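The structure appears below as structure tokens.
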Amino acid sequence: MNKQFLFLYFLIMLLMGGLSFKKIKDDKDFFVAGKKAGIIQVTGSLLASVVGSSVILGSVDFGYSSGWAGMWLVICASLGFCGLLPLVKYIKDFKGYNLPSMLGSFYGEKVQQAASLLIPIAWLGVIASQIMGAAKIISIMTTLTYTEGVILSGVIFIIYTLLGGQLSIIKTDVVQLGFIIFGVLSTFLFINQEPITINVAPMFNEKFQIIDLIVMMLSYSTTFVVGPDIYSRLFCAKDEKTMKNSIILTILVLLPLSYILAKIGIYGQQIFGGNGVGDSVLLVIAQEKLTKFLALALYFGILSAVISTADTTLLTASSLFAQVFIKDLKKENSIFVTRILIVVFGFLSILVAIKMKYILATLLLALSIYSGAFIVPTFLGIFGFRAKEEIVITSIVVGGVVALIGKMVGGSVGNYISISSYFINGIILYLGKKNKKEIFSKV
């Protein structure tokens, strides 16, 4: 029966993509949903994009292994949105479709092309982490193996995103968010009937220390202050008020969600012990503790989380990479090129998902590389800083490489290396700073 429900769910997603395909009239519809989205659509899309399988499964696993420290992942997302709120007045009038276009307006065409090339490479890990979450659900609900689940879910994501673009994504994210909230909240209410009797590690403990929080804020929170997926949501909003109110509502939902997910993980620690369960804790809880109805609701909630994040990140990566070949996405063949790249990046993400099976680690690796490379130049650019193109590209490459090295080294030393990527990035930018005469000579 689960298998039939699963294929029906995927069929509905494909039909929704097909219906949106017929409504796409131009590049504005495909890339920013016509810039007509209201507060419900933007808030729903922001939340659905943030709360993917990596966040849901990762936060529960985090709570299982580290107690109340499991709250920090979602809290850091909230802190990122708090940092984004005052920036809205600076980005509200931007006429482009994505973050590299914004970087291009700050530093020049070469920087735009570099960003369009490098961000999608890092985003392969983000897309893959969603496909991994879907595959785990599919392998539980059906007789399909993990690899078969990766291929099935990946192909569905590719077709759905290819057909509908941003127009279908922002309209369906609200519906998918409903599935997510219902699945997670019903699970929480069910397990909350049983009191926690074990000693639970506090938010800071031997497994998660202040230095770990600093690294998480730098590599994760910052992607919500300056992130290609988040900006692609905001650029769909019809006005500044919609942007601001959507961000505030997103924060108000994320904060209690951080507690809910961590509490579910702690419940798993009490039931199964803290030595590992061989799979994602949330999925084991669904299999062994929930009723069949609640388990099914949770599975579809996580699948909705997967789809709502995967389609956004896949479209983001593909549209950014299209700018390597097409300088302006407003050109006639931009949609065609982006659709081809959706297929390419989709299948590359499938390969990554088959190779790497640790969801949270895959996500944080990708975001760490992105943060080390792009956070500092984007943030400074918003506030009027300008530097020479070659210097900005150097800072992006060096910052990303240093952040990657930090993740590969791991431990305390790796954390300090990752943190240093921001300072190194900033120093390089400062050395190539333009004076006022250089700036105005090009205006």
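A note on labels: chains of the structure tokens are A, B, ... as shown, every chain counts residues from 1, and ligands are counted from 1 in their shown order.
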
Got a sec to tell me which of range 142-388 of chain A DSSP assigns to helix (DSSP H, G or I), as number ranges by chain?
A: 146-191, 210-225, 228-234, 240-272, 281-288, 292-325, 334-355, 359-382

Env of Gly301 in chain A: 6 Å cut, atoms = only C-alpha atoms, seq-sep filter 2 positions within chain, self excluded. Answer as a PyMOL selection string.
chain A and resi 179-180+183+298-299+303-304

If we count only C-alpha atoms and set the cut-off at 8 Å, which residues sit around range 156-166 of chain A, ignoring sequence neighbours fewer than 3 positions away in its own chain? Please answer as a compact mmCIF listing (two decimals) with N, CA and C atoms, in the first residue's frame.
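The new file result_18.txt reads:
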```
# COMPACT_ATOMS: atom_id res chain seq x y z
N PHE A 10 4.30 11.05 -6.18
CA PHE A 10 5.21 11.49 -7.22
C PHE A 10 4.46 11.88 -8.50
N MET A 13 3.10 15.35 -8.10
CA MET A 13 4.17 16.34 -8.25
C MET A 13 4.48 16.60 -9.72
N LEU A 14 4.53 15.54 -10.50
CA LEU A 14 4.81 15.68 -11.93
C LEU A 14 3.68 16.41 -12.64
N MET A 16 1.68 18.63 -11.29
CA MET A 16 1.76 20.05 -10.90
C MET A 16 2.85 20.76 -11.70
N GLY A 17 3.95 20.06 -11.93
CA GLY A 17 5.00 20.63 -12.77
C GLY A 17 4.53 20.83 -14.19
N GLY A 18 3.75 19.86 -14.69
CA GLY A 18 3.22 19.96 -16.05
C GLY A 18 2.25 21.11 -16.21
N LEU A 19 1.40 21.33 -15.20
CA LEU A 19 0.44 22.44 -15.25
C LEU A 19 1.16 23.79 -15.24
N SER A 20 2.22 23.87 -14.44
CA SER A 20 2.99 25.12 -14.39
C SER A 20 3.73 25.36 -15.70
N PHE A 21 4.14 24.28 -16.35
CA PHE A 21 4.84 24.38 -17.64
C PHE A 21 4.00 25.17 -18.64
N ILE A 24 4.06 29.13 -18.00
CA ILE A 24 5.29 29.91 -18.13
C ILE A 24 5.28 30.69 -19.46
N ASP A 29 8.76 34.54 -15.39
CA ASP A 29 7.94 33.49 -14.77
C ASP A 29 8.80 32.31 -14.35
N PHE A 30 9.72 31.91 -15.20
CA PHE A 30 10.52 30.72 -14.96
C PHE A 30 11.52 30.92 -13.82
N PHE A 31 12.15 32.10 -13.75
CA PHE A 31 13.23 32.31 -12.79
C PHE A 31 12.81 32.98 -11.49
N VAL A 32 11.79 33.86 -11.51
CA VAL A 32 11.36 34.54 -10.27
C VAL A 32 9.84 34.57 -10.13
N ALA A 33 9.15 33.60 -10.72
CA ALA A 33 7.70 33.45 -10.58
C ALA A 33 6.95 34.75 -10.88
N LEU A 152 15.34 6.93 -8.42
CA LEU A 152 13.92 7.27 -8.61
C LEU A 152 13.63 8.70 -8.18
N SER A 153 14.03 9.07 -6.96
CA SER A 153 13.74 10.41 -6.46
C SER A 153 14.47 11.46 -7.28
N ILE A 169 7.52 25.89 -8.32
CA ILE A 169 8.16 25.71 -7.01
C ILE A 169 7.50 26.57 -5.95
N ILE A 170 7.34 27.85 -6.22
CA ILE A 170 6.84 28.76 -5.19
C ILE A 170 5.35 28.54 -4.90
N ILE A 307 11.57 17.37 -1.51
CA ILE A 307 11.18 17.92 -2.81
C ILE A 307 11.26 19.45 -2.81
N ALA A 310 14.99 20.33 -2.72
CA ALA A 310 15.75 19.83 -3.87
C ALA A 310 15.43 20.60 -5.14
N ASP A 311 14.13 20.87 -5.38
CA ASP A 311 13.78 21.58 -6.62
C ASP A 311 14.34 23.00 -6.62
N THR A 312 14.31 23.65 -5.43
CA THR A 312 14.85 25.00 -5.33
C THR A 312 16.35 25.03 -5.59
N LEU A 314 18.20 22.76 -7.05
CA LEU A 314 18.53 22.30 -8.40
C LEU A 314 18.33 23.42 -9.41
N LEU A 315 17.23 24.16 -9.30
CA LEU A 315 16.99 25.28 -10.21
C LEU A 315 18.02 26.38 -10.00
N ARG A 339 17.25 24.44 -18.60
CA ARG A 339 16.61 23.12 -18.54
C ARG A 339 17.61 22.00 -18.85
N ILE A 342 19.64 21.59 -15.76
CA ILE A 342 18.88 20.92 -14.70
C ILE A 342 19.09 19.41 -14.80
N VAL A 343 19.06 18.90 -16.03
CA VAL A 343 19.29 17.47 -16.24
C VAL A 343 20.73 17.10 -15.85
N GLY A 346 21.23 17.49 -12.07
CA GLY A 346 20.42 16.48 -11.40
C GLY A 346 21.12 15.13 -11.37
```

Name all residues at most 9 Å from range 100-115 of chain A (count only C-alpha atoms; drop same-chain ones fewer than 2 positions away) and give them as a ChimeraX atom specification.
/A:91,94-98,117-120,228,320-321,323-325,327-328,374,377-378,381-382,384-390,392-393,396

Distance CA of Val155 in chain A-CA of Ala297 in chain A, one decimal place?
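Distance between the two atoms: 23.0 Å.
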
Point-to-point distance from CA of Leu254 in chain A to CA of Ser78 in chain A, Å rounded to tenths
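These two atoms are separated by 6.2 Å.
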
Of the residues A:Val226, A:Leu85, A:Ile326, A:Ala122, which is the one nearest to Ile251 in chain A, using only C-alpha atoms?
A:Leu85

Quick one: of A:Ala37, A:Ile151, A:Ile138, A:Val184, who's nearest to Leu257 in chain A, counting only C-alpha atoms?
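Among the listed residues, A:Val184 lies closest to Leu257 in chain A.
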
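Nearest residue to Leu46 in chain A among A:Phe7, A:Phe423, A:Phe379, A:Tyr231 is A:Tyr231, counting only C-alpha atoms.
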
Determine, counting only C-alpha atoms, which protein, DNA and RNA residues have an atom within 12 Å of an atom of Val413 in chain A; residues of the same chain fewer than 6 positions away are not included. Present the result as a list of chain:residue names.
A:Ile211, A:Asp212, A:Val215, A:Ala403, A:Ile405, A:Gly406, A:Lys407, A:Ile419, A:Ser420

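The two atoms in question, CA of Ile424 in chain A and CA of Gly399 in chain A, are spaced 6.6 Å apart.
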
Name the residues in contact with Ile210 in chain A at a cut-off of 12 Å, using only C-alpha atoms, excluding same-chain residues fewer than 5 positions from it; report them as a PDB file with N, CA and C atoms, in the first residue's frame.
```pdb
ATOM      1  N   ALA A  69      21.966  20.247  22.323  1.00  0.00           N
ATOM      2  CA  ALA A  69      22.790  20.889  21.286  1.00  0.00           C
ATOM      3  C   ALA A  69      22.167  20.692  19.909  1.00  0.00           C
ATOM      4  N   TRP A  72      20.757  23.657  17.869  1.00  0.00           N
ATOM      5  CA  TRP A  72      21.565  24.730  17.301  1.00  0.00           C
ATOM      6  C   TRP A  72      21.472  24.848  15.783  1.00  0.00           C
ATOM      7  N   MET A 203      22.958  22.456  25.964  1.00  0.00           N
ATOM      8  CA  MET A 203      23.191  22.976  24.617  1.00  0.00           C
ATOM      9  C   MET A 203      24.678  23.102  24.299  1.00  0.00           C
ATOM     10  N   PHE A 204      25.502  23.280  25.328  1.00  0.00           N
ATOM     11  CA  PHE A 204      26.951  23.203  25.155  1.00  0.00           C
ATOM     12  C   PHE A 204      27.457  22.045  25.997  1.00  0.00           C
ATOM     13  N   ASN A 205      28.194  21.140  25.383  1.00  0.00           N
ATOM     14  CA  ASN A 205      28.702  19.983  26.093  1.00  0.00           C
ATOM     15  C   ASN A 205      29.998  19.525  25.422  1.00  0.00           C
ATOM     16  N   VAL A 215      31.787  28.027  14.308  1.00  0.00           N
ATOM     17  CA  VAL A 215      31.977  27.481  12.961  1.00  0.00           C
ATOM     18  C   VAL A 215      30.637  27.270  12.275  1.00  0.00           C
ATOM     19  N   MET A 216      29.639  26.762  13.018  1.00  0.00           N
ATOM     20  CA  MET A 216      28.318  26.540  12.436  1.00  0.00           C
ATOM     21  C   MET A 216      27.678  27.856  12.011  1.00  0.00           C
ATOM     22  N   MET A 217      27.849  28.887  12.818  1.00  0.00           N
ATOM     23  CA  MET A 217      27.285  30.192  12.463  1.00  0.00           C
ATOM     24  C   MET A 217      27.957  30.760  11.220  1.00  0.00           C
ATOM     25  N   SER A 412      39.338  20.366  16.127  1.00  0.00           N
ATOM     26  CA  SER A 412      39.564  21.761  16.532  1.00  0.00           C
ATOM     27  C   SER A 412      40.442  22.504  15.533  1.00  0.00           C
ATOM     28  N   ASN A 415      38.434  23.388  12.549  1.00  0.00           N
ATOM     29  CA  ASN A 415      37.517  24.500  12.845  1.00  0.00           C
ATOM     30  C   ASN A 415      38.226  25.839  12.728  1.00  0.00           C
TER      31      ASN A 415
END
```
